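Structure below is data38.tsv: TSV, C-alpha atoms.
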chain	number	residue	atom	x	y	z
A	1	MET	CA	99.88	92.33	138.58
A	2	TYR	CA	102.05	93.91	135.90
A	3	GLN	CA	104.37	96.77	136.85
A	4	ALA	CA	105.58	97.63	133.34
A	5	PHE	CA	105.28	96.98	129.62
A	6	LEU	CA	108.36	96.04	127.64
A	7	ILE	CA	108.04	97.45	124.13
A	8	LYS	CA	109.83	95.46	121.44
A	9	TYR	CA	110.66	96.78	118.00
A	10	ALA	CA	111.88	95.02	114.85
A	11	GLU	CA	113.15	97.06	111.88
A	12	ILE	CA	114.46	99.84	114.10
A	13	GLY	CA	117.04	97.40	115.42
A	14	ILE	CA	118.90	97.31	112.08
A	15	LYS	CA	119.23	101.07	111.67
A	16	GLY	CA	122.87	101.17	112.77
A	17	LYS	CA	124.19	104.51	113.99
A	18	ASN	CA	120.83	106.18	113.27
A	19	ARG	CA	118.89	103.78	115.48
A	20	TYR	CA	118.63	106.27	118.35
A	21	ILE	CA	116.63	108.64	116.11
A	22	PHE	CA	113.98	105.99	115.51
A	23	GLU	CA	114.00	104.87	119.15
A	24	ASP	CA	113.50	108.44	120.37
A	25	ALA	CA	110.63	108.92	117.90
A	26	LEU	CA	109.02	105.69	119.08
A	27	VAL	CA	109.31	106.77	122.72
A	28	GLU	CA	107.56	110.05	121.93
A	29	HIS	CA	104.74	108.29	120.07
A	30	ILE	CA	104.27	105.87	122.97
A	31	ARG	CA	104.07	108.78	125.41
A	32	ARG	CA	101.50	110.51	123.24
A	33	ALA	CA	99.38	107.35	122.92
A	34	LEU	CA	99.45	106.69	126.68
A	35	LYS	CA	98.39	110.23	127.53
A	36	LYS	CA	94.94	109.20	126.29
A	37	VAL	CA	94.84	106.27	128.73
A	38	GLU	CA	93.69	106.56	132.31
A	39	GLY	CA	96.71	106.74	134.62
A	40	ASN	CA	100.16	108.30	134.28
A	41	PHE	CA	102.97	106.43	132.55
A	42	ARG	CA	106.72	106.91	132.56
A	43	VAL	CA	108.27	105.82	129.25
A	44	THR	CA	112.00	105.18	129.28
A	45	LYS	CA	114.72	103.89	126.98
A	46	GLU	CA	117.26	101.69	128.76
A	47	GLN	CA	120.05	99.62	127.19
A	48	GLY	CA	118.23	98.91	123.94
A	49	ARG	CA	114.92	98.38	125.71
A	50	ILE	CA	111.85	100.63	125.86
A	51	TYR	CA	109.63	100.37	128.93
A	52	ALA	CA	106.33	101.97	129.91
A	53	PHE	CA	105.92	102.11	133.70
A	54	PRO	CA	102.46	102.95	135.10
A	55	GLU	CA	102.85	105.30	138.05
A	56	GLU	CA	99.32	104.77	139.35
A	57	ALA	CA	96.34	102.48	138.83
A	58	TYR	CA	95.65	101.88	135.14
A	59	ASP	CA	93.35	99.95	132.81
A	60	PHE	CA	95.31	97.03	131.34
A	61	GLU	CA	93.12	96.44	128.28
A	62	GLU	CA	92.90	100.13	127.43
A	63	THR	CA	96.67	100.48	127.70
A	64	VAL	CA	97.33	97.52	125.43
A	65	GLU	CA	94.83	98.79	122.85
A	66	ALA	CA	96.55	102.19	122.80
A	67	LEU	CA	99.97	100.60	122.30
A	68	LYS	CA	98.67	98.35	119.52
A	69	ARG	CA	98.07	101.48	117.45
A	70	VAL	CA	101.64	102.83	117.68
A	71	PHE	CA	103.62	102.10	114.52
A	72	GLY	CA	107.10	100.83	115.27
A	73	ILE	CA	105.99	98.47	118.04
A	74	ALA	CA	106.54	94.83	117.13
A	75	ALA	CA	105.38	93.35	120.43
A	76	ILE	CA	104.03	94.42	123.83
A	77	CYS	CA	105.17	92.37	126.80
A	78	PRO	CA	103.40	92.83	130.17
A	79	VAL	CA	106.17	92.59	132.76
A	80	VAL	CA	106.48	91.81	136.45
A	81	VAL	CA	109.35	93.81	137.94
A	82	THR	CA	111.19	92.73	141.06
A	83	GLU	CA	114.19	94.04	142.98
A	84	ASP	CA	117.34	91.94	143.16
A	85	GLN	CA	117.14	90.46	146.67
A	86	GLY	CA	119.02	87.26	145.95
A	87	TYR	CA	118.18	84.05	144.16
A	88	GLU	CA	115.62	82.77	146.66
A	89	LYS	CA	113.45	85.87	146.29
A	90	LEU	CA	113.82	85.69	142.52
A	91	ALA	CA	112.69	82.06	142.47
A	92	GLU	CA	109.66	83.00	144.58
A	93	ALA	CA	108.78	85.81	142.17
A	94	VAL	CA	109.12	83.55	139.11
A	95	VAL	CA	107.05	80.75	140.63
A	96	GLY	CA	104.43	83.27	141.80
A	97	TYR	CA	104.26	84.71	138.27
A	98	VAL	CA	103.70	81.28	136.71
A	99	GLN	CA	101.04	80.32	139.25
A	100	LYS	CA	99.11	83.57	138.71
A	101	VAL	CA	99.34	83.70	134.93
A	102	TYR	CA	99.00	79.94	134.29
A	103	PRO	CA	97.05	78.51	137.29
A	104	ALA	CA	96.81	74.71	137.37
A	105	SER	CA	98.44	74.55	133.96
A	106	THR	CA	99.61	71.31	132.34
A	107	ARG	CA	101.49	73.05	129.56
A	108	SER	CA	105.16	72.81	128.70
A	109	PHE	CA	107.59	75.66	129.37
A	110	LYS	CA	111.12	76.86	128.88
A	111	VAL	CA	112.97	79.41	131.02
A	112	HIS	CA	115.03	81.87	129.00
A	113	ALA	CA	117.25	83.88	131.34
A	114	ARG	CA	119.22	86.88	130.08
A	115	ARG	CA	121.94	88.17	132.40
A	116	ALA	CA	122.50	91.71	131.11
A	117	ARG	CA	124.09	92.62	134.47
A	118	LYS	CA	127.22	90.49	134.47
A	119	SER	CA	127.88	91.02	138.18
A	120	TYR	CA	124.93	88.77	139.03
A	121	PRO	CA	126.40	85.68	140.74
A	122	MET	CA	124.61	83.10	138.55
A	123	ASP	CA	125.04	82.93	134.79
A	124	SER	CA	122.18	82.46	132.32
A	125	MET	CA	122.51	78.68	132.08
A	126	GLU	CA	122.44	78.30	135.86
A	127	LEU	CA	119.38	80.52	136.11
A	128	ASN	CA	117.60	78.53	133.40
A	129	ARG	CA	118.29	75.26	135.22
A	130	GLU	CA	117.53	76.41	138.77
A	131	LEU	CA	114.40	78.41	137.94
A	132	GLY	CA	113.09	75.58	135.76
A	133	GLY	CA	113.52	73.20	138.69
A	134	ALA	CA	111.71	75.60	141.04
A	135	ILE	CA	108.73	75.80	138.64
A	136	LEU	CA	108.57	72.01	138.28
A	137	ALA	CA	108.60	71.58	142.05
A	138	ALA	CA	105.81	74.15	142.57
A	139	CYS	CA	103.70	73.27	139.52
A	140	PRO	CA	103.71	69.47	139.17
A	141	GLY	CA	101.41	69.50	136.17
A	142	MET	CA	103.88	71.40	134.02
A	143	ARG	CA	106.82	69.99	132.08
A	144	VAL	CA	109.94	71.31	130.39
A	145	ASP	CA	110.27	71.43	126.60
A	146	VAL	CA	113.33	73.32	125.39
A	147	HIS	CA	112.48	72.94	121.69
A	148	GLN	CA	108.80	73.84	121.26
A	149	PRO	CA	107.47	75.02	124.63
A	150	ASP	CA	103.91	76.23	125.11
A	151	ILE	CA	105.24	78.94	127.47
A	152	TRP	CA	108.48	80.84	126.85
A	153	LEU	CA	109.30	82.45	130.20
A	154	THR	CA	111.87	85.23	129.96
A	155	VAL	CA	113.79	86.48	132.99
A	156	GLU	CA	115.98	89.53	132.30
A	157	VAL	CA	118.51	90.43	134.96
A	158	ARG	CA	119.30	94.13	134.74
A	159	GLN	CA	119.43	96.73	137.53
A	160	LYS	CA	116.05	95.27	138.37
A	161	ILE	CA	114.73	91.90	137.25
A	162	TYR	CA	112.00	91.67	134.61
A	163	ILE	CA	109.78	88.61	134.23
A	164	TYR	CA	107.44	88.08	131.28
A	165	SER	CA	106.05	85.39	129.01
A	166	GLU	CA	103.40	87.08	126.87
A	167	GLU	CA	104.10	88.88	123.61
A	168	ILE	CA	101.06	90.77	122.34
A	169	PRO	CA	101.59	91.60	118.65
A	170	GLY	CA	101.97	95.29	117.83
A	171	PRO	CA	101.29	96.89	114.44
A	172	GLY	CA	104.94	96.81	113.32
A	173	GLY	CA	106.25	99.33	110.84
A	174	MET	CA	108.22	102.49	111.60
A	175	PRO	CA	107.48	105.45	113.90
A	176	VAL	CA	105.35	108.04	112.10
A	177	GLY	CA	107.34	111.05	110.95
A	178	THR	CA	110.68	109.29	110.53
A	179	ASN	CA	110.19	109.00	106.75
A	180	GLY	CA	108.87	112.41	105.70
A	181	SER	CA	105.29	113.35	104.88
A	182	ALA	CA	102.80	112.75	102.09
A	183	MET	CA	99.33	113.92	101.01
A	184	LEU	CA	96.53	111.35	100.92
A	185	LEU	CA	93.64	111.72	98.46
A	186	LEU	CA	90.93	110.64	100.89
A	187	SER	CA	87.45	109.69	99.75
A	188	GLY	CA	84.55	108.07	101.56
A	189	GLY	CA	85.32	104.65	100.11
A	190	ILE	CA	87.03	101.57	101.50
A	191	ASP	CA	90.38	101.91	99.75
A	192	SER	CA	91.87	105.32	100.51
A	193	PRO	CA	91.76	105.07	104.35
A	194	VAL	CA	93.56	101.73	104.06
A	195	ALA	CA	96.16	103.31	101.76
A	196	GLY	CA	96.75	106.08	104.29
A	197	TYR	CA	97.13	103.55	107.10
A	198	MET	CA	99.66	101.51	105.12
A	199	ILE	CA	101.85	104.47	104.19
A	200	ALA	CA	101.72	105.83	107.75
A	201	LYS	CA	102.89	102.38	108.89
A	202	ARG	CA	106.09	102.97	106.94
A	203	GLY	CA	106.85	106.02	109.07
A	204	VAL	CA	105.30	108.67	106.80
A	205	LYS	CA	103.39	111.58	108.36
A	206	ILE	CA	100.16	111.95	106.37
A	207	ASP	CA	97.86	114.84	105.62
A	208	ALA	CA	94.78	114.50	103.44
A	209	VAL	CA	92.65	116.21	100.81
A	210	TYR	CA	88.96	115.46	100.24
A	211	PHE	CA	87.00	116.66	97.20
A	212	HIS	CA	83.47	117.75	98.10
A	213	ALA	CA	80.79	118.57	95.52
A	214	PRO	CA	77.81	120.34	97.12
A	215	PRO	CA	74.89	120.17	96.51
A	216	TYR	CA	75.51	116.88	94.69
A	217	THR	CA	77.22	115.46	97.77
A	218	SER	CA	75.69	115.99	101.18
A	219	ASP	CA	77.11	117.20	104.47
A	220	ARG	CA	76.74	113.63	105.67
A	221	ALA	CA	79.21	112.53	102.98
A	222	LYS	CA	81.63	115.20	104.21
A	223	GLN	CA	81.18	114.10	107.83
A	224	LYS	CA	81.78	110.51	106.78
A	225	VAL	CA	85.22	111.47	105.42
A	226	ILE	CA	86.02	113.45	108.57
A	227	ASP	CA	85.11	110.36	110.60
A	228	LEU	CA	87.36	108.21	108.41
A	229	ALA	CA	90.23	110.66	108.86
A	230	ARG	CA	89.71	110.45	112.62
A	231	LEU	CA	89.84	106.65	112.51
A	232	VAL	CA	93.08	106.69	110.50
A	233	ALA	CA	94.50	109.31	112.89
A	234	ARG	CA	94.33	106.73	115.70
A	235	TYR	CA	97.34	105.16	114.00
A	236	SER	CA	98.93	108.01	112.03
A	237	GLY	CA	98.63	110.80	114.56
A	238	PRO	CA	96.99	114.17	113.75
A	239	ILE	CA	95.93	114.69	110.12
A	240	ARG	CA	95.59	118.08	108.44
A	241	LEU	CA	92.50	117.59	106.27
A	242	HIS	CA	91.89	119.90	103.30
A	243	ILE	CA	88.26	119.94	102.10
A	244	VAL	CA	88.10	121.21	98.51
A	245	ASN	CA	84.88	122.40	96.84
A	246	PHE	CA	85.13	120.58	93.51
A	247	THR	CA	81.65	121.29	92.14
A	248	ASP	CA	82.48	124.02	89.62
A	249	ILE	CA	85.39	122.07	88.19
A	250	GLN	CA	83.26	118.97	87.78
A	251	LEU	CA	80.47	120.91	86.10
A	252	ALA	CA	82.93	122.51	83.68
A	253	ILE	CA	84.35	119.11	82.78
A	254	TYR	CA	80.84	117.71	82.38
A	255	GLU	CA	79.78	120.55	80.07
A	256	LYS	CA	82.88	120.79	77.89
A	257	CYS	CA	84.51	117.33	77.73
A	258	PRO	CA	83.42	113.97	76.28
A	259	HIS	CA	81.45	112.09	78.90
A	260	ASP	CA	83.38	108.84	78.53
A	261	GLU	CA	86.51	110.76	79.59
A	262	LEU	CA	84.93	112.47	82.62
A	263	THR	CA	86.48	110.23	85.24
A	264	ILE	CA	90.02	110.44	83.88
A	265	ILE	CA	89.95	114.21	83.41
A	266	MET	CA	88.39	114.69	86.83
A	267	ARG	CA	91.12	112.53	88.41
A	268	ARG	CA	93.82	114.51	86.65
A	269	TYR	CA	92.57	117.78	88.13
A	270	MET	CA	92.24	116.20	91.54
A	271	MET	CA	95.88	115.18	91.34
A	272	LYS	CA	96.88	118.70	90.30
A	273	ILE	CA	95.08	120.24	93.26
A	274	ALA	CA	96.40	117.63	95.68
A	275	GLU	CA	99.94	118.32	94.46
A	276	LYS	CA	99.53	122.07	95.01
A	277	MET	CA	98.37	121.44	98.57
A	278	ALA	CA	101.11	118.91	99.17
A	279	GLU	CA	103.74	121.43	98.15
A	280	GLU	CA	102.21	124.08	100.40
A	281	ASP	CA	102.25	121.67	103.35
A	282	GLY	CA	105.77	120.45	102.66
A	283	SER	CA	104.62	116.95	101.68
A	284	LEU	CA	106.97	115.02	99.43
A	285	ALA	CA	104.52	112.63	97.74
A	286	LEU	CA	100.88	111.84	97.04
A	287	ILE	CA	99.01	108.74	98.24
A	288	THR	CA	96.02	107.13	96.53
A	289	GLY	CA	94.00	103.98	97.15
A	290	GLU	CA	94.08	102.78	93.56
A	291	SER	CA	94.32	99.08	92.68
A	292	ILE	CA	95.02	97.91	89.13
A	293	GLY	CA	91.85	97.04	87.24
A	294	GLN	CA	89.41	97.65	90.09
A	295	VAL	CA	87.45	100.32	88.17
A	296	ALA	CA	87.79	102.08	84.82
A	297	SER	CA	90.00	104.85	86.21
A	298	GLN	CA	92.43	102.26	87.60
A	299	THR	CA	93.52	100.41	84.49
A	300	VAL	CA	97.20	100.74	83.63
A	301	HIS	CA	96.29	103.08	80.74
A	302	SER	CA	94.19	105.26	83.07
A	303	LEU	CA	96.84	105.37	85.78
A	304	ALA	CA	99.43	106.42	83.21
A	305	CYS	CA	97.17	109.33	82.14
A	306	THR	CA	96.58	110.32	85.76
A	307	ASN	CA	100.26	110.21	86.67
A	308	GLU	CA	101.21	112.45	83.77
A	309	VAL	CA	100.04	115.62	85.54
A	310	CYS	CA	102.18	115.03	88.65
A	311	THR	CA	105.77	115.85	89.41
A	312	LEU	CA	105.67	114.45	92.94
A	313	PRO	CA	105.89	110.67	93.35
A	314	VAL	CA	102.54	108.90	93.79
A	315	PHE	CA	102.39	106.09	96.36
A	316	ARG	CA	99.79	103.39	95.64
A	317	PRO	CA	100.21	100.81	98.41
A	318	LEU	CA	97.13	98.82	97.31
A	319	ILE	CA	98.14	98.57	93.66
A	320	GLY	CA	98.39	94.75	93.61
A	321	PHE	CA	95.65	93.97	96.15
A	322	ASP	CA	92.28	92.48	95.32
A	323	LYS	CA	89.15	93.91	96.92
A	324	GLN	CA	88.84	91.29	99.63
A	325	GLU	CA	92.40	91.88	100.79
A	326	ILE	CA	91.64	95.60	101.10
A	327	VAL	CA	88.38	94.91	102.94
A	328	ASP	CA	90.22	92.63	105.38
A	329	ILE	CA	92.61	95.43	106.34
A	330	SER	CA	89.76	97.95	106.64
A	331	LEU	CA	88.01	95.58	109.05
A	332	LYS	CA	91.22	95.17	111.03
A	333	ILE	CA	91.78	98.92	111.44
A	334	GLY	CA	88.12	99.75	112.05
A	335	THR	CA	87.32	101.87	108.97
A	336	TYR	CA	85.07	99.43	107.08
A	337	GLU	CA	81.77	100.16	108.85
A	338	THR	CA	82.16	103.89	108.20
A	339	SER	CA	83.34	103.42	104.60
A	340	VAL	CA	80.23	101.47	103.61
A	341	LEU	CA	77.77	104.07	104.88
A	342	PRO	CA	75.56	105.05	101.89
A	343	TYR	CA	76.70	108.65	101.42
A	344	GLU	CA	78.15	109.14	97.93
A	345	ASP	CA	81.21	111.28	97.26
A	346	CYS	CA	82.01	113.34	94.19
A	347	CYS	CA	83.76	110.46	92.41
A	348	THR	CA	80.49	108.54	92.17
A	349	ILE	CA	78.15	111.40	91.21
A	350	PHE	CA	79.55	112.35	87.79
A	351	VAL	CA	80.33	108.88	86.46
A	352	ALA	CA	79.86	108.14	82.78
A	353	LYS	CA	77.69	105.22	81.78
A	354	HIS	CA	80.50	103.77	79.67
A	355	PRO	CA	83.82	105.28	80.83
A	356	VAL	CA	86.88	104.82	78.67
A	357	THR	CA	89.20	102.13	80.06
A	358	LYS	CA	92.15	102.67	77.70
A	359	PRO	CA	92.41	106.44	77.43
A	360	ASN	CA	94.85	107.95	74.97
A	361	LEU	CA	96.93	110.70	76.57
A	362	ARG	CA	96.98	112.84	73.44
A	363	THR	CA	93.19	112.61	73.19
A	364	ILE	CA	92.75	113.50	76.87
A	365	ARG	CA	95.00	116.54	76.51
A	366	HIS	CA	93.03	117.65	73.45
A	367	SER	CA	89.77	117.36	75.39
A	368	GLU	CA	91.22	119.42	78.24
A	369	GLU	CA	91.97	122.26	75.83
A	370	LYS	CA	88.23	122.97	75.84
A	371	LEU	CA	88.63	124.01	79.50
A	372	ALA	CA	91.45	126.45	78.82
A	373	ASP	CA	89.36	129.59	79.23
A	374	VAL	CA	88.07	128.68	82.72
A	375	ILE	CA	90.16	126.01	84.35
A	376	ASP	CA	93.01	128.11	85.79
A	377	GLY	CA	90.59	130.36	87.65
A	378	LEU	CA	88.58	127.40	88.88
A	379	LEU	CA	91.71	125.65	90.16
A	380	ASP	CA	92.91	128.76	91.99
A	381	GLU	CA	89.49	129.27	93.55
A	382	ALA	CA	89.29	125.63	94.66
A	383	VAL	CA	92.70	125.80	96.34
A	384	GLN	CA	92.19	129.18	97.98
A	385	SER	CA	88.70	128.40	99.29
A	386	ALA	CA	89.61	124.99	100.73
A	387	GLU	CA	88.52	124.39	104.31
A	388	VAL	CA	91.31	123.07	106.55
A	389	MET	CA	90.67	120.96	109.65
A	390	GLU	CA	93.06	119.43	112.17
A	391	ILE	CA	91.82	115.90	112.78
A	392	GLU	CA	92.87	113.92	115.83
A	393	GLU	CA	91.68	110.66	117.32
Turn this file's structure into structure tokens for me.
Amino acid sequence: MYQAFLIKYAEIGIKGKNRYIFEDALVEHIRRALKKVEGNFRVTKEQGRIYAFPEEAYDFEETVEALKRVFGIAAICPVVVTEDQGYEKLAEAVVGYVQKVYPASTRSFKVHARRARKSYPMDSMELNRELGGAILAACPGMRVDVHQPDIWLTVEVRQKIYIYSEEIPGPGGMPVGTNGSAMLLLSGGIDSPVAGYMIAKRGVKIDAVYFHAPPYTSDRAKQKVIDLARLVARYSGPIRLHIVNFTDIQLAIYEKCPHDELTIIMRRYMMKIAEKMAEEDGSLALITGESIGQVASQTVHSLACTNEVCTLPVFRPLIGFDKQEIVDISLKIGTYETSVLPYEDCCTIFVAKHPVTKPNLRTIRHSEEKLADVIDGLLDEAVQSAEVMEIEE
């Protein structure tokens, strides 16, 4: 019964003179999302409103699910559209809407008319009163409540008239790409896909780097990360995934450095490689899924040691989250079931039995000096031999 979807946004509305940039980006993302839905859609921007008009038969649920993955959308309103043929026809359309959407309802309602077209002969207050009376006459079980109604029925009078009462929550945030780009250190765990999702929600285009360690990590572990990237790409758009062979670097660290420092030193070289790839891709920051105190490499002392090798800013959106909060988001975005598959990545293979939790930066640097004769060549080889994949939903 719905002829359109009204797309509401939130933060974009306070962008002042730059608002049109964010609106145009949101329109393009909506068009891209709806291309994957059965049926053709026309997406338009009209007087501060964004509409998606289906031009042929479409699947309602599939359309809503696609829109719920577009960052920048605050709410999705299924709309009945009618031509202006006078008040009587409008009243019929409004009553017909209520009877179809809320058959035999005993709930309370409020009519909220918005007369954007000032030439319409009735003002908003008159429309509220007259349409409310028409609904009461046709639906005797319903009642008016102007303070806390069960049903908030909006009637917008524009060139055409738009009737809606449902607001399906969208993901919020900002349109992807309106806030630059960043490189995600993506593993097969629960945290990093969530971190990528959260930064993409703030309008950042994300690419990713995954550190693979064959034969210690299997092809199934690699495929697991590719699958996670594809799940995140449902929200973030296409992801350029760099798959780095990290085996030789890990073995060198294992052979030459104290074992209780393995994790910290390994993380430092991961950050160095990720930064090189970020700079090559034009990314302006790194993203990790670290949370303070979750594991030995995520204490404040460890994070300070890790950060020291970077010149780019490092975004850690999960830094103050506990594990359950992270799991809840992973369940919401659909990455949890893949993340918990039992295929280990390189971070879990070379883990010391008793890793240092308060590493001293001077000590770590001294340990890394033992790698001086091999590490530059190993880093160059890892970067140059990286496999690159374009991941889409």
Answer as a PyMOL selection string, residues within 10 Å of (94.1, 106.2, 113.2) using only C-alpha atoms: chain A and resi 69-70+193+196-197+200+228-239+333-335+391-393
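Within 12 Å of region 322-326 of chain A, once all atoms listed in the file are used and residues closer than 6 positions along the same chain are dropped, the contacting residues are Gly189, Ile190, Asp191, Ser192, Pro193, Val194, Ala195, Tyr197, Met198, Gly289, Glu290, Ser291, Ile292, Gly293, Gln294, Val295, Lys332, Ile333, Thr335, Tyr336 and Ser339 of chain A.
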Nearby residues (only C-alpha atoms) at most 7 Å from His112 (chain A), same-chain spacing under 4 positions excluded, as JSON, numbers by chain: {"A": [128, 152, 153, 154, 155]}
For CA of Gly282 (chain A) and CA of Leu184 (chain A), the interatomic separation in Å (one decimal): 13.1 Å
Any idea what's packed within 8 Å of region 210-219 of chain A, counting only C-alpha atoms, ignoring anything in its chain fewer than 3 positions away? Could you give it as an mmCIF file with C-alpha atoms, keeping the file's coordinate frame?
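As written to disk, part-v4.cif reads:
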data_model
loop_
_atom_site.group_PDB
_atom_site.id
_atom_site.type_symbol
_atom_site.label_atom_id
_atom_site.label_comp_id
_atom_site.auth_asym_id
_atom_site.auth_seq_id
_atom_site.Cartn_x
_atom_site.Cartn_y
_atom_site.Cartn_z
ATOM 1 C CA LEU A 185 93.640 111.720 98.460
ATOM 2 C CA LEU A 186 90.930 110.640 100.890
ATOM 3 C CA SER A 187 87.450 109.690 99.750
ATOM 4 C CA LYS A 222 81.630 115.200 104.210
ATOM 5 C CA GLN A 223 81.180 114.100 107.830
ATOM 6 C CA VAL A 225 85.220 111.470 105.420
ATOM 7 C CA LEU A 241 92.500 117.590 106.270
ATOM 8 C CA HIS A 242 91.890 119.900 103.300
ATOM 9 C CA ILE A 243 88.260 119.940 102.100
ATOM 10 C CA VAL A 244 88.100 121.210 98.510
ATOM 11 C CA ASN A 245 84.880 122.400 96.840
ATOM 12 C CA PHE A 246 85.130 120.580 93.510
ATOM 13 C CA THR A 247 81.650 121.290 92.140
ATOM 14 C CA MET A 270 92.240 116.200 91.540
ATOM 15 C CA TYR A 343 76.700 108.650 101.420
ATOM 16 C CA GLU A 344 78.150 109.140 97.930
ATOM 17 C CA ASP A 345 81.210 111.280 97.260
ATOM 18 C CA CYS A 346 82.010 113.340 94.190
ATOM 19 C CA ILE A 349 78.150 111.400 91.210
#
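For the pair CA of Pro149 (chain A) and CA of Val101 (chain A), the interatomic distance is 15.7 Å.
For the atom pair formed by CA of Glu28 (chain A) and CA of Met174 (chain A), the distance is 12.8 Å, given to one decimal.
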Selection: 7 Å around Ser124 (chain A), only C-alpha atoms, excl. self and same-chain fewer than 2 positions, as a PyMOL selection string: chain A and resi 113-115+122+126-128
Using only the atoms of region 352-369 of chain A listed in the file, plus 8 Å on each side, state the axis-aligned box centre and edge lengths in Å rounded to one decimal, as JSON.
{"center_x": 87.3, "center_y": 112.2, "center_z": 78.0, "size_x": 35.3, "size_y": 36.1, "size_z": 25.6}
Residues near Glu23 (chain A), cut-off 10 Å, all atoms listed in the file, skip fewer than 5 positions along chain, as a ChimeraX atom specification: /A:9,12-13,15,18,28-29,45,48-50,72,174-175
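Distance annotation: of A:Ile199, A:Ile364, A:Ile14, A:Leu131, the residue with the minimal separation from Gly180 (chain A) is A:Ile199; atom set is only C-alpha atoms.
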Selected residue, from A:Ile7, A:Ala66, A:Ile76, A:Ile287, that lies nearest to Leu34 (chain A) when counting all atoms listed in the file: A:Ala66
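Nearest to Arg202 (chain A) of all the residues A:Ala372, A:Tyr254, A:Ile73, A:Arg129 is A:Ile73, based on all atoms listed in the file.
Distances here use all atoms listed in the file; by that measure, the residue among A:Phe71, A:Tyr58, A:Phe22, A:Phe5 closest to Thr44 (chain A) is A:Phe5.
Across A:Lys224, A:Arg240, A:Val204, A:Pro258, the tightest approach to Glu390 (chain A) is made by A:Arg240 when counting all atoms listed in the file.
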